[in-house]
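Next comes target-v4.cif, with mmCIF, C-alpha atoms and all ligand atoms.
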data_target
loop_
_atom_site.label_atom_id
_atom_site.label_comp_id
_atom_site.auth_asym_id
_atom_site.auth_seq_id
_atom_site.Cartn_x
_atom_site.Cartn_y
_atom_site.Cartn_z
CA MET W 1 -13.51 -9.03 42.51
CA SER W 2 -11.43 -11.90 41.18
CA THR W 3 -7.88 -12.21 42.46
CA ARG W 4 -6.67 -13.69 39.20
CA PRO W 5 -3.47 -12.02 37.95
CA LEU W 6 -4.02 -9.53 35.16
CA SER W 7 -1.95 -11.55 32.69
CA GLN W 8 -4.31 -14.49 33.14
CA ARG W 9 -7.36 -12.33 32.63
CA VAL W 10 -5.93 -11.02 29.37
CA GLU W 11 -5.00 -14.52 28.30
CA ALA W 12 -8.47 -15.84 29.06
CA LEU W 13 -10.22 -13.10 27.11
CA VAL W 14 -8.12 -12.09 24.09
CA ARG W 15 -8.25 -14.53 21.16
CA PRO W 16 -5.10 -16.70 20.92
CA GLU W 17 -4.44 -15.65 17.31
CA ILE W 18 -4.40 -12.01 18.40
CA ARG W 19 -2.09 -12.71 21.36
CA ALA W 20 0.26 -14.51 18.96
CA LEU W 21 0.61 -11.42 16.77
CA SER W 22 3.28 -8.82 17.15
CA ALA W 23 2.00 -5.29 16.60
CA TYR W 24 2.83 -3.68 13.24
CA HIS W 25 6.25 -2.25 13.90
CA VAL W 26 7.08 1.24 12.73
CA PRO W 27 10.74 2.01 13.52
CA PRO W 28 11.61 5.40 15.03
CA ALA W 29 12.89 7.73 12.31
CA ALA W 30 13.71 10.96 14.15
CA GLY W 31 16.73 12.62 12.59
CA LEU W 32 17.04 10.01 9.84
CA LEU W 33 16.59 10.33 6.10
CA LYS W 34 13.41 8.32 5.64
CA LEU W 35 13.67 5.98 2.67
CA ASP W 36 11.70 3.14 4.25
CA ALA W 37 8.00 3.79 3.69
CA MET W 38 7.41 4.89 0.07
CA GLU W 39 6.68 8.46 1.04
CA ASN W 40 6.95 11.28 -1.51
CA PRO W 41 9.98 13.35 -0.38
CA TYR W 42 8.75 16.63 -1.79
CA GLN W 43 6.90 19.48 -0.07
CA TRP W 44 4.45 21.81 -1.77
CA PRO W 45 5.70 25.17 -3.04
CA ASP W 46 5.26 27.85 -0.33
CA PRO W 47 2.42 29.78 -2.03
CA LEU W 48 0.43 26.57 -2.40
CA LYS W 49 1.08 25.69 1.23
CA ARG W 50 -0.24 29.09 2.32
CA GLN W 51 -3.34 28.65 0.17
CA TRP W 52 -3.91 25.25 1.75
CA LEU W 53 -3.61 26.69 5.25
CA ASP W 54 -6.13 29.39 4.31
CA THR W 55 -8.52 26.62 3.30
CA LEU W 56 -8.03 24.85 6.61
CA ASN W 57 -8.74 28.11 8.39
CA GLU W 58 -12.32 27.87 7.10
CA VAL W 59 -12.89 24.38 8.49
CA SER W 60 -15.38 24.00 11.34
CA ILE W 61 -13.47 21.75 13.68
CA ASN W 62 -16.41 21.75 16.12
CA ARG W 63 -18.69 20.10 13.55
CA TYR W 64 -18.77 16.52 12.38
CA PRO W 65 -17.43 15.98 8.88
CA GLU W 66 -19.69 15.71 5.84
CA PRO W 67 -20.60 12.02 6.19
CA GLY W 68 -20.23 11.00 2.53
CA ALA W 69 -17.23 13.27 1.82
CA GLU W 70 -18.87 13.93 -1.56
CA ALA W 71 -16.47 16.70 -2.59
CA VAL W 72 -13.50 14.40 -2.00
CA LYS W 73 -15.10 11.68 -4.08
CA ALA W 74 -15.85 14.12 -6.90
CA GLY W 75 -12.21 15.25 -6.91
CA LEU W 76 -10.94 11.67 -6.96
CA ARG W 77 -13.33 10.72 -9.76
CA GLN W 78 -12.04 13.57 -11.86
CA VAL W 79 -8.34 13.02 -11.22
CA MET W 80 -8.57 9.25 -11.73
CA GLY W 81 -11.13 9.19 -14.50
CA VAL W 82 -13.71 7.04 -12.71
CA ALA W 83 -16.78 6.38 -14.87
CA ASP W 84 -20.23 7.28 -13.52
CA ASP W 85 -21.23 3.61 -13.49
CA TYR W 86 -18.90 2.97 -10.59
CA GLU W 87 -19.16 3.90 -6.94
CA VAL W 88 -16.29 5.23 -4.82
CA LEU W 89 -15.84 4.27 -1.15
CA LEU W 90 -13.37 6.13 1.07
CA GLY W 91 -11.29 4.71 3.88
CA ASN W 92 -8.92 6.06 6.51
CA GLY W 93 -6.09 4.79 4.34
CA SER W 94 -6.61 1.79 2.12
CA ASP W 95 -5.77 -0.30 5.17
CA GLU W 96 -9.23 0.55 6.49
CA ILE W 97 -10.75 -0.56 3.20
CA ILE W 98 -9.01 -3.94 3.46
CA GLN W 99 -10.56 -4.21 6.92
CA LEU W 100 -14.04 -3.33 5.60
CA LEU W 101 -13.74 -5.95 2.86
CA ALA W 102 -12.68 -8.60 5.36
CA LEU W 103 -15.42 -7.67 7.86
CA ALA W 104 -18.02 -7.93 5.12
CA VAL W 105 -17.18 -11.52 4.20
CA THR W 106 -15.72 -13.13 7.33
CA ALA W 107 -17.38 -16.31 8.54
CA PRO W 108 -16.09 -19.69 9.79
CA GLY W 109 -14.22 -21.40 6.97
CA ARG W 110 -13.83 -18.23 4.90
CA SER W 111 -10.37 -17.36 3.65
CA ILE W 112 -8.23 -14.60 2.13
CA LEU W 113 -5.74 -15.55 -0.56
CA ALA W 114 -2.77 -13.56 -1.83
CA PRO W 115 0.52 -14.33 -3.53
CA GLU W 116 3.60 -14.12 -1.32
CA PRO W 117 5.63 -12.09 -0.66
CA SER W 118 3.15 -9.25 -0.87
CA PHE W 119 1.61 -6.54 1.30
CA VAL W 120 1.59 -7.80 4.90
CA MET W 121 -1.73 -6.18 5.84
CA TYR W 122 -3.70 -8.77 3.83
CA ARG W 123 -2.57 -11.47 6.21
CA MET W 124 -2.74 -9.32 9.33
CA ILE W 125 -6.26 -8.05 8.72
CA GLY W 126 -7.41 -11.55 7.80
CA THR W 127 -6.19 -12.67 11.19
CA PHE W 128 -7.83 -9.70 12.96
CA VAL W 129 -11.26 -10.68 11.67
CA GLY W 130 -10.85 -14.43 12.16
CA MET W 131 -10.32 -15.48 8.54
CA GLU W 132 -7.92 -18.10 7.32
CA TYR W 133 -5.06 -16.69 5.22
CA ILE W 134 -3.57 -18.55 2.27
CA GLY W 135 -0.29 -17.33 0.83
CA VAL W 136 0.73 -18.73 -2.55
CA PRO W 137 4.45 -18.37 -3.32
CA LEU W 138 5.41 -16.22 -6.29
CA GLY W 139 7.80 -17.59 -8.92
CA ASP W 140 11.58 -17.09 -9.06
CA ASN W 141 11.31 -13.56 -10.44
CA PHE W 142 8.28 -12.75 -8.30
CA GLU W 143 5.90 -13.46 -11.18
CA LEU W 144 2.51 -15.04 -10.45
CA ASP W 145 2.69 -18.83 -10.40
CA LEU W 146 -0.57 -19.21 -12.26
CA GLU W 147 -0.83 -22.94 -11.86
CA ALA W 148 -0.33 -22.71 -8.09
CA MET W 149 -2.73 -19.76 -7.82
CA LEU W 150 -5.47 -21.54 -9.76
CA ALA W 151 -4.99 -24.73 -7.74
CA ALA W 152 -5.23 -22.76 -4.48
CA VAL W 153 -8.33 -20.91 -5.69
CA LYS W 154 -9.96 -24.22 -6.55
CA THR W 155 -9.03 -25.88 -3.26
CA HIS W 156 -9.77 -23.03 -0.86
CA GLN W 157 -12.47 -21.09 -2.70
CA PRO W 158 -11.24 -17.88 -1.05
CA ALA W 159 -13.80 -15.17 -0.29
CA LEU W 160 -11.19 -12.50 -1.07
CA ILE W 161 -8.14 -12.50 -3.34
CA PHE W 162 -5.70 -9.59 -3.12
CA LEU W 163 -3.34 -8.81 -5.99
CA ALA W 164 -1.12 -5.75 -5.54
CA GLN W 165 -0.52 -4.34 -9.01
CA PRO W 166 2.41 -3.48 -8.91
CA ASN W 167 3.34 -5.66 -5.98
CA ASN W 168 4.89 -4.50 -2.71
CA PRO W 169 7.69 -5.28 -1.78
CA THR W 170 8.84 -6.72 -5.12
CA GLY W 171 7.96 -3.73 -7.33
CA ASN W 172 6.85 -5.73 -10.38
CA LEU W 173 3.57 -5.83 -12.25
CA PHE W 174 1.77 -9.11 -12.67
CA GLU W 175 1.01 -10.23 -16.21
CA GLU W 176 -2.49 -9.14 -17.20
CA ALA W 177 -3.36 -12.52 -18.77
CA LYS W 178 -2.63 -14.22 -15.44
CA VAL W 179 -4.60 -11.65 -13.48
CA ARG W 180 -7.54 -12.23 -15.79
CA ALA W 181 -7.27 -16.00 -15.43
CA ILE W 182 -7.41 -15.66 -11.64
CA ILE W 183 -10.43 -13.34 -11.74
CA GLU W 184 -12.17 -15.74 -14.10
CA ALA W 185 -11.44 -18.75 -11.88
CA ALA W 186 -12.56 -17.03 -8.66
CA ASP W 187 -16.01 -17.23 -7.15
CA GLY W 188 -14.93 -14.75 -4.49
CA LEU W 189 -14.15 -11.06 -4.85
CA VAL W 190 -10.80 -10.08 -6.38
CA VAL W 191 -9.21 -6.85 -5.15
CA LEU W 192 -6.61 -5.26 -7.41
CA ASP W 193 -4.57 -3.06 -5.09
CA GLU W 194 -3.18 -0.19 -7.15
CA ALA W 195 -1.43 1.66 -4.32
CA TYR W 196 1.39 2.53 -6.75
CA THR W 197 -0.78 3.56 -9.68
CA ALA W 198 1.03 6.91 -9.92
CA PHE W 199 4.28 5.17 -10.80
CA THR W 200 3.13 2.89 -13.61
CA ASP W 201 1.19 3.25 -16.85
CA THR W 202 -0.86 0.16 -16.09
CA ASP W 203 -4.45 0.96 -15.13
CA SER W 204 -6.87 -1.75 -14.03
CA LEU W 205 -10.04 0.36 -14.07
CA PRO W 206 -11.04 -0.84 -17.59
CA LEU W 207 -11.18 -4.40 -16.24
CA LEU W 208 -14.12 -3.39 -14.04
CA ASP W 209 -16.28 -3.32 -17.18
CA GLU W 210 -15.52 -6.97 -17.81
CA TYR W 211 -15.74 -8.63 -14.41
CA ASP W 212 -18.47 -8.56 -11.79
CA ASN W 213 -16.20 -10.00 -9.09
CA LEU W 214 -13.57 -7.28 -9.27
CA VAL W 215 -12.92 -4.07 -7.31
CA VAL W 216 -9.94 -1.71 -7.57
CA MET W 217 -8.30 -0.16 -4.50
CA ARG W 218 -6.11 2.94 -4.52
CA THR W 219 -4.64 5.41 -2.05
CA LEU W 220 -3.28 8.95 -1.94
CA SER W 221 -0.49 7.86 0.42
CA LYS W 222 2.21 7.07 -2.12
CA VAL W 223 1.54 10.07 -4.33
CA GLY W 224 2.43 12.55 -1.59
CA LEU W 225 -0.38 12.60 0.98
CA ALA W 226 0.59 9.78 3.35
CA GLY W 227 -0.19 11.98 6.34
CA LEU W 228 -3.82 12.43 5.33
CA ARG W 229 -4.72 8.73 5.43
CA LEU W 230 -7.05 8.53 2.46
CA GLY W 231 -7.68 5.38 0.48
CA LEU W 232 -10.43 4.53 -1.97
CA LEU W 233 -12.20 1.58 -3.44
CA ILE W 234 -13.72 1.75 -6.91
CA GLY W 235 -16.31 -0.75 -8.04
CA LYS W 236 -19.86 -1.64 -8.84
CA PRO W 237 -22.48 -0.10 -6.54
CA GLU W 238 -23.74 -3.55 -5.56
CA TRP W 239 -20.47 -4.33 -3.75
CA LEU W 240 -19.71 -0.88 -2.45
CA GLY W 241 -23.22 -0.36 -1.09
CA GLU W 242 -22.75 -3.34 1.21
CA LEU W 243 -19.29 -2.25 2.33
CA ASP W 244 -20.56 1.25 3.03
CA LYS W 245 -22.83 -0.16 5.74
CA LEU W 246 -19.74 -1.29 7.66
CA ARG W 247 -17.91 2.00 7.32
CA LEU W 248 -17.92 3.84 10.64
CA PRO W 249 -19.72 7.19 10.41
CA TYR W 250 -17.43 10.13 9.68
CA ASN W 251 -14.36 7.95 9.00
CA ILE W 252 -12.83 10.73 6.91
CA ASN W 253 -12.18 13.66 9.23
CA VAL W 254 -12.74 17.34 8.37
CA LEU W 255 -9.04 18.16 8.00
CA THR W 256 -8.49 15.26 5.62
CA GLN W 257 -11.57 16.16 3.60
CA ALA W 258 -10.59 19.81 3.23
CA SER W 259 -6.96 18.97 2.50
CA ALA W 260 -7.80 16.25 -0.02
CA VAL W 261 -10.23 18.47 -1.93
CA PHE W 262 -7.54 21.13 -2.08
CA ALA W 263 -4.78 18.71 -3.09
CA LEU W 264 -6.95 17.19 -5.82
CA GLN W 265 -7.58 20.66 -7.24
CA HIS W 266 -3.81 21.06 -7.48
CA PHE W 267 -3.05 17.52 -8.51
CA ASP W 268 -0.76 18.73 -11.29
CA VAL W 269 1.80 19.56 -8.58
CA LEU W 270 1.73 16.02 -7.22
CA LYS W 271 1.79 14.64 -10.76
CA ALA W 272 4.94 16.60 -11.58
CA GLN W 273 6.59 15.28 -8.41
CA THR W 274 5.57 11.76 -9.35
CA ARG W 275 7.02 12.16 -12.83
CA GLN W 276 10.29 13.24 -11.26
CA LEU W 277 10.27 10.23 -8.95
CA ARG W 278 9.66 7.89 -11.88
CA GLN W 279 12.65 9.33 -13.71
CA ASP W 280 14.81 9.15 -10.61
CA ARG W 281 13.76 5.57 -10.04
CA GLU W 282 15.25 4.62 -13.40
CA LEU W 283 18.42 6.47 -12.55
CA MET W 284 18.56 4.80 -9.15
CA VAL W 285 18.13 1.32 -10.67
CA GLU W 286 20.90 2.08 -13.14
CA MET W 287 23.26 3.29 -10.41
CA LEU W 288 22.44 0.37 -8.12
CA ARG W 289 23.26 -2.00 -10.99
CA GLN W 290 26.74 -0.54 -11.06
CA ILE W 291 27.37 -1.92 -7.57
CA PRO W 292 28.49 -5.46 -8.40
CA ALA W 293 27.60 -6.86 -4.96
CA LEU W 294 23.90 -6.09 -5.43
CA ALA W 295 21.18 -7.83 -7.42
CA VAL W 296 18.59 -5.26 -8.45
CA TRP W 297 15.02 -5.86 -9.60
CA PRO W 298 13.25 -3.55 -12.02
CA SER W 299 10.42 -1.53 -10.45
CA GLU W 300 7.08 -0.07 -11.48
CA ALA W 301 6.68 1.61 -8.08
CA ASN W 302 8.51 4.25 -6.02
CA PHE W 303 10.89 1.77 -4.41
CA VAL W 304 13.56 -0.65 -5.54
CA LEU W 305 14.16 -4.16 -4.22
CA VAL W 306 17.78 -5.27 -3.96
CA ARG W 307 19.52 -8.43 -2.79
CA THR W 308 22.76 -8.08 -0.87
CA PRO W 309 25.53 -10.70 -0.59
CA ALA W 310 24.40 -13.59 1.65
CA GLY W 311 24.02 -12.66 5.30
CA ARG W 312 24.76 -8.95 4.83
CA ALA W 313 21.31 -7.32 4.62
CA ARG W 314 20.96 -6.54 8.31
CA ASP W 315 24.55 -5.21 8.64
CA ILE W 316 24.02 -2.93 5.69
CA PHE W 317 20.72 -1.73 7.10
CA GLU W 318 22.40 -0.94 10.46
CA ALA W 319 25.41 0.69 8.81
CA LEU W 320 23.12 2.93 6.75
CA LYS W 321 21.24 3.87 9.92
CA LEU W 322 24.50 4.87 11.60
CA ARG W 323 25.10 7.10 8.58
CA GLY W 324 21.66 8.63 9.03
CA ILE W 325 19.59 6.75 6.45
CA LEU W 326 16.58 4.56 7.24
CA ILE W 327 15.59 1.90 4.71
CA LYS W 328 13.54 -1.30 5.03
CA VAL W 329 15.20 -4.61 5.72
CA LEU W 330 13.11 -7.49 4.33
CA ASP W 331 15.48 -10.30 5.20
CA GLY W 332 13.69 -12.56 7.68
CA SER W 333 10.19 -11.47 6.67
CA HIS W 334 9.74 -14.16 4.02
CA PRO W 335 12.03 -16.93 2.67
CA ALA W 336 11.92 -15.46 -0.85
CA LEU W 337 13.22 -12.15 0.56
CA ALA W 338 16.38 -13.53 2.18
CA ASP W 339 19.18 -10.90 2.05
CA CYS W 340 16.80 -8.32 0.58
CA LEU W 341 16.43 -4.60 1.24
CA ARG W 342 13.76 -2.21 -0.02
CA LEU W 343 14.85 1.30 -0.93
CA THR W 344 12.25 4.04 -1.33
CA VAL W 345 12.99 6.47 -4.16
CA GLY W 346 13.62 9.87 -2.58
CA SER W 347 14.62 13.21 -4.05
CA SER W 348 17.54 13.23 -6.48
CA ALA W 349 19.89 14.47 -3.74
CA GLU W 350 18.64 11.87 -1.26
CA ASN W 351 19.10 9.05 -3.76
CA ALA W 352 22.63 10.22 -4.52
CA ARG W 353 23.43 10.22 -0.81
CA LEU W 354 21.98 6.72 -0.38
CA LEU W 355 23.97 5.40 -3.32
CA GLU W 356 27.18 6.94 -2.07
CA GLU W 357 26.79 5.51 1.45
CA LEU W 358 25.71 2.13 0.12
CA ALA W 359 28.73 1.88 -2.16
CA ALA W 360 31.04 2.94 0.70
CA ILE W 361 29.57 0.31 3.06
CA LEU W 362 29.87 -2.45 0.45
CA ASP W 363 33.47 -1.42 -0.31
CA SER W 364 34.59 -1.56 3.31
C1 LIG W 401 1.20 1.30 1.14
C2 LIG W 401 0.27 0.26 0.63
C3 LIG W 401 -1.08 0.26 0.99
C4 LIG W 401 -1.61 1.07 2.13
O1 LIG W 401 -1.89 2.32 1.87
P1 LIG W 401 -2.62 3.30 2.89
O2 LIG W 401 -3.64 3.92 2.05
O3 LIG W 401 -1.55 4.22 3.34
O4 LIG W 401 -3.24 2.52 4.02
C5 LIG W 401 -1.92 -0.67 0.40
N1 LIG W 401 -1.45 -1.58 -0.45
C6 LIG W 401 -0.16 -1.64 -0.78
C7 LIG W 401 0.32 -2.69 -1.73
C8 LIG W 401 0.75 -0.73 -0.24
O5 LIG W 401 2.05 -0.82 -0.55
#
Translate this structure into structure tokens?
Ligand SMILES: *Cc1c(COP(=O)(O)O)cnc(C)c1O
Amino acid sequence: MSTRPLSQRVEALVRPEIRALSAYHVPPAAGLLKLDAMENPYQWPDPLKRQWLDTLNEVSINRYPEPGAEAVKAGLRQVMGVADDYEVLLGNGSDEIIQLLALAVTAPGRSILAPEPSFVMYRMIGTFVGMEYIGVPLGDNFELDLEAMLAAVKTHQPALIFLAQPNNPTGNLFEEAKVRAIIEAADGLVVLDEAYTAFTDTDSLPLLDEYDNLVVMRTLSKVGLAGLRLGLLIGKPEWLGELDKLRLPYNINVLTQASAVFALQHFDVLKAQTRQLRQDRELMVEMLRQIPALAVWPSEANFVLVRTPAGRARDIFEALKLRGILIKVLDGSHPALADCLRLTVGSSAENARLLEELAAILDS
């Protein structure tokens, strides 16, 4: 056996780009009011919860799941109005779907392109699978810089382009004309990531009829089922058939399948919660705008981006934590997000508490 120190063995074997990464950091939240991760704050009514548990009682935990999770797909098709012409592919969260897309196209010289700042997993997963990542800066109000996007598409010919619609962490929608121009200019596959579809009226599914190089990705995480880990991709069978070959067997476990089928049958409950969150988002934006020290961006999602006075974002984040509230500090993650914080829209009472503490911290 070699006497080489363990650290050297690891260094010799693990790819340098992986060693250079820091693992996706999820801060501990025990005892804190969680307004950091775009979770739905609401529980199900007790009778519904009992019905759900009865359903789980019937699940055969000793058996492998139904491999295609057909009942889940049927429920999603119905709730989201997916036409029969399109296929649905399920992932263990949409993160897994991003990984499947990247695995399907990775090869030396292949790249992923996305505007920046946007969802960090596009870059991370690109790195995991050995693809080059190209980030194109957004404009001053986080709008797509169409000229820069088209130039980058032309230069790099990316295999995958990700557009989060609305975008995380900025909360805005991209202009449809610009989205179309990018799809039309791309030879690669464009992924419209509609993780926040429940919080906006914009719906990209009709675009699938017009473009062969487009797929639409969604998730149940932000609508109130983050714990289930269920994401979906909607698109033409030609694309999804290839991706399905890469999907690990049984990637959607029995508990998720049973719970998702149940939740989709009672989707009106989640919809009502979502409607409430949309209303409270508007209220929250309005109240945040009354704090003169903050710049507040409008949002089409269940979070609000704010800019604090220069150099204060981290203090405010820490001060809120001391007062029992966890939010997301974005300062330091991207130059365009200097002094920025992201606030998830919680219940009305939670938002009121956040606003009160925030105002108190900024006053002191
Ligand atoms: C939260 C989020 C996702 C990931 O969703 P999961 O299904 O929970 O993996 C994907 N895209 C964007 C833009 C998000 O904000």
Using all atoms listed in the file, find each protein or nucleic acid residue lying at most 8 Å from ligand LIG 401 (chain W); present the set as a VMD selection string.
-> chain W and resid 37 to 38 91 to 96 118 to 119 121 164 to 169 193 to 196 218 to 222 226 229 to 232
Write out the residues from the selection above, keeping C-alpha atoms, as a tab-separated table (two decimals), keeping the file's coordinate frame.
chain	number	residue	atom	x	y	z
W	37	ALA	CA	8.00	3.79	3.69
W	38	MET	CA	7.41	4.89	0.07
W	91	GLY	CA	-11.29	4.71	3.88
W	92	ASN	CA	-8.92	6.06	6.51
W	93	GLY	CA	-6.09	4.79	4.34
W	94	SER	CA	-6.61	1.79	2.12
W	95	ASP	CA	-5.77	-0.30	5.17
W	96	GLU	CA	-9.23	0.55	6.49
W	118	SER	CA	3.15	-9.25	-0.87
W	119	PHE	CA	1.61	-6.54	1.30
W	121	MET	CA	-1.73	-6.18	5.84
W	164	ALA	CA	-1.12	-5.75	-5.54
W	165	GLN	CA	-0.52	-4.34	-9.01
W	166	PRO	CA	2.41	-3.48	-8.91
W	167	ASN	CA	3.34	-5.66	-5.98
W	168	ASN	CA	4.89	-4.50	-2.71
W	169	PRO	CA	7.69	-5.28	-1.78
W	193	ASP	CA	-4.57	-3.06	-5.09
W	194	GLU	CA	-3.18	-0.19	-7.15
W	195	ALA	CA	-1.43	1.66	-4.32
W	196	TYR	CA	1.39	2.53	-6.75
W	218	ARG	CA	-6.11	2.94	-4.52
W	219	THR	CA	-4.64	5.41	-2.05
W	220	LEU	CA	-3.28	8.95	-1.94
W	221	SER	CA	-0.49	7.86	0.42
W	222	LYS	CA	2.21	7.07	-2.12
W	226	ALA	CA	0.59	9.78	3.35
W	229	ARG	CA	-4.72	8.73	5.43
W	230	LEU	CA	-7.05	8.53	2.46
W	231	GLY	CA	-7.68	5.38	0.48
W	232	LEU	CA	-10.43	4.53	-1.97
At what distance in Å, to one decimal, does atom CA of Leu283 of chain W lie from atom CA of Val269 of chain W?
->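 Interatomic distance here is 21.5 Å.
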Would you kindly return, as a list of chain:residue names, each protein, DNA or RNA residue with an atom no farther than 8 Å from any atom of Leu163 of chain W, considering all atoms listed in the file and excluding same-chain residues fewer than 3 positions away?
-> W:Ala114, W:Pro115, W:Asn167, W:Val190, W:Val191, W:Leu192, W:Asp193
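One finds atom CA of Asp363 of chain W at 9.3 Å from atom CA of Ala293 of chain W.
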Leaving out Gln276 of chain W and any residue of its chain fewer than 4 positions from it, which residues lie within 9 Å of it when counting all atoms listed in the file, given as a ChimeraX atom specification?
-> /W:271-272,280-281,347-348
If I put a ball of radius 12 Å at (25.5, -14.9, 3.6) in the file's coordinates, which residues poke into it when counting all atoms listed in the file, written as a list in words?
-> Ala293, Arg307, Thr308, Pro309, Ala310, Gly311, Arg312, Ala313, Arg314, Asp315, Asp331, Ala338, Asp339 and Cys340 of chain W
Can you write just those residues out, C-alpha atoms, as a compact mmCIF listing (two decimals), keeping the file's coordinate frame?
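Dumped to selection-v4.txt:
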# COMPACT_ATOMS: atom_id res chain seq x y z
CA ALA W 293 27.60 -6.86 -4.96
CA ARG W 307 19.52 -8.43 -2.79
CA THR W 308 22.76 -8.08 -0.87
CA PRO W 309 25.53 -10.70 -0.59
CA ALA W 310 24.40 -13.59 1.65
CA GLY W 311 24.02 -12.66 5.30
CA ARG W 312 24.76 -8.95 4.83
CA ALA W 313 21.31 -7.32 4.62
CA ARG W 314 20.96 -6.54 8.31
CA ASP W 315 24.55 -5.21 8.64
CA ASP W 331 15.48 -10.30 5.20
CA ALA W 338 16.38 -13.53 2.18
CA ASP W 339 19.18 -10.90 2.05
CA CYS W 340 16.80 -8.32 0.58
What is the atom CA of Glu350 of chain W-atom CA of Phe262 of chain W distance in Å, reported with one decimal?
->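 Atom-to-atom, atom CA of Glu350 of chain W to atom CA of Phe262 of chain W, that is 27.8 Å.
Between His156 of chain W and the residues W:Gly324, W:Gly31, W:Gly75, W:Gly188, the shortest atom-to-atom distance, using only C-alpha atoms, involves W:Gly188.
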Give the answer as one residue: which of W:Pro298, W:Pro16, W:Pro65, W:Pro117 has the shortest atom-to-atom distance to Pro137 of chain W, using only C-alpha atoms?
-> W:Pro117
Using only C-alpha atoms, determine which residues lie at most 12 Å from Asp140 of chain W, disregarding the query and same-chain residues fewer than 6 positions distant; provide the list as a ChimeraX atom specification.
-> /W:116-117,170,297,335-337
Residues around (-0.5, 24.2, 2.6), cut-off 12 Å, counting all atoms listed in the file - what are they as a ChimeraX atom specification?
-> /W:43-57,225,255,258-260,262-263,266
Pick out the closest residue to Ser60 of chain W from this set: W:Asn253, W:Lys73, W:Met124, W:Lys236. Count only C-alpha atoms.
->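 Looking only at the distances to Ser60 of chain W, the closest residue turns out to be W:Asn253.
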From the list W:Phe267, W:Leu248, W:Arg342, W:Ile234, the nearest residue to Asp85 of chain W using only C-alpha atoms is W:Ile234
Go through W:His334, W:Val14, W:His25, W:Leu228 and flag the residue nearest Gln257 of chain W, using all atoms listed in the file for the distances.
->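 Checking each of W:His334, W:Val14, W:His25, W:Leu228 against Gln257 of chain W, counting all atoms listed in the file, the winner is W:Leu228.
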Would you kindly return, as a PyMOL selection string, each protein, DNA or RNA residue with an atom no farther than 9 Å from any atom of Asn213 of chain W, considering only C-alpha atoms and excluding same-chain residues fewer than 3 positions away?
-> chain W and resi 183-184+186-191+208+239
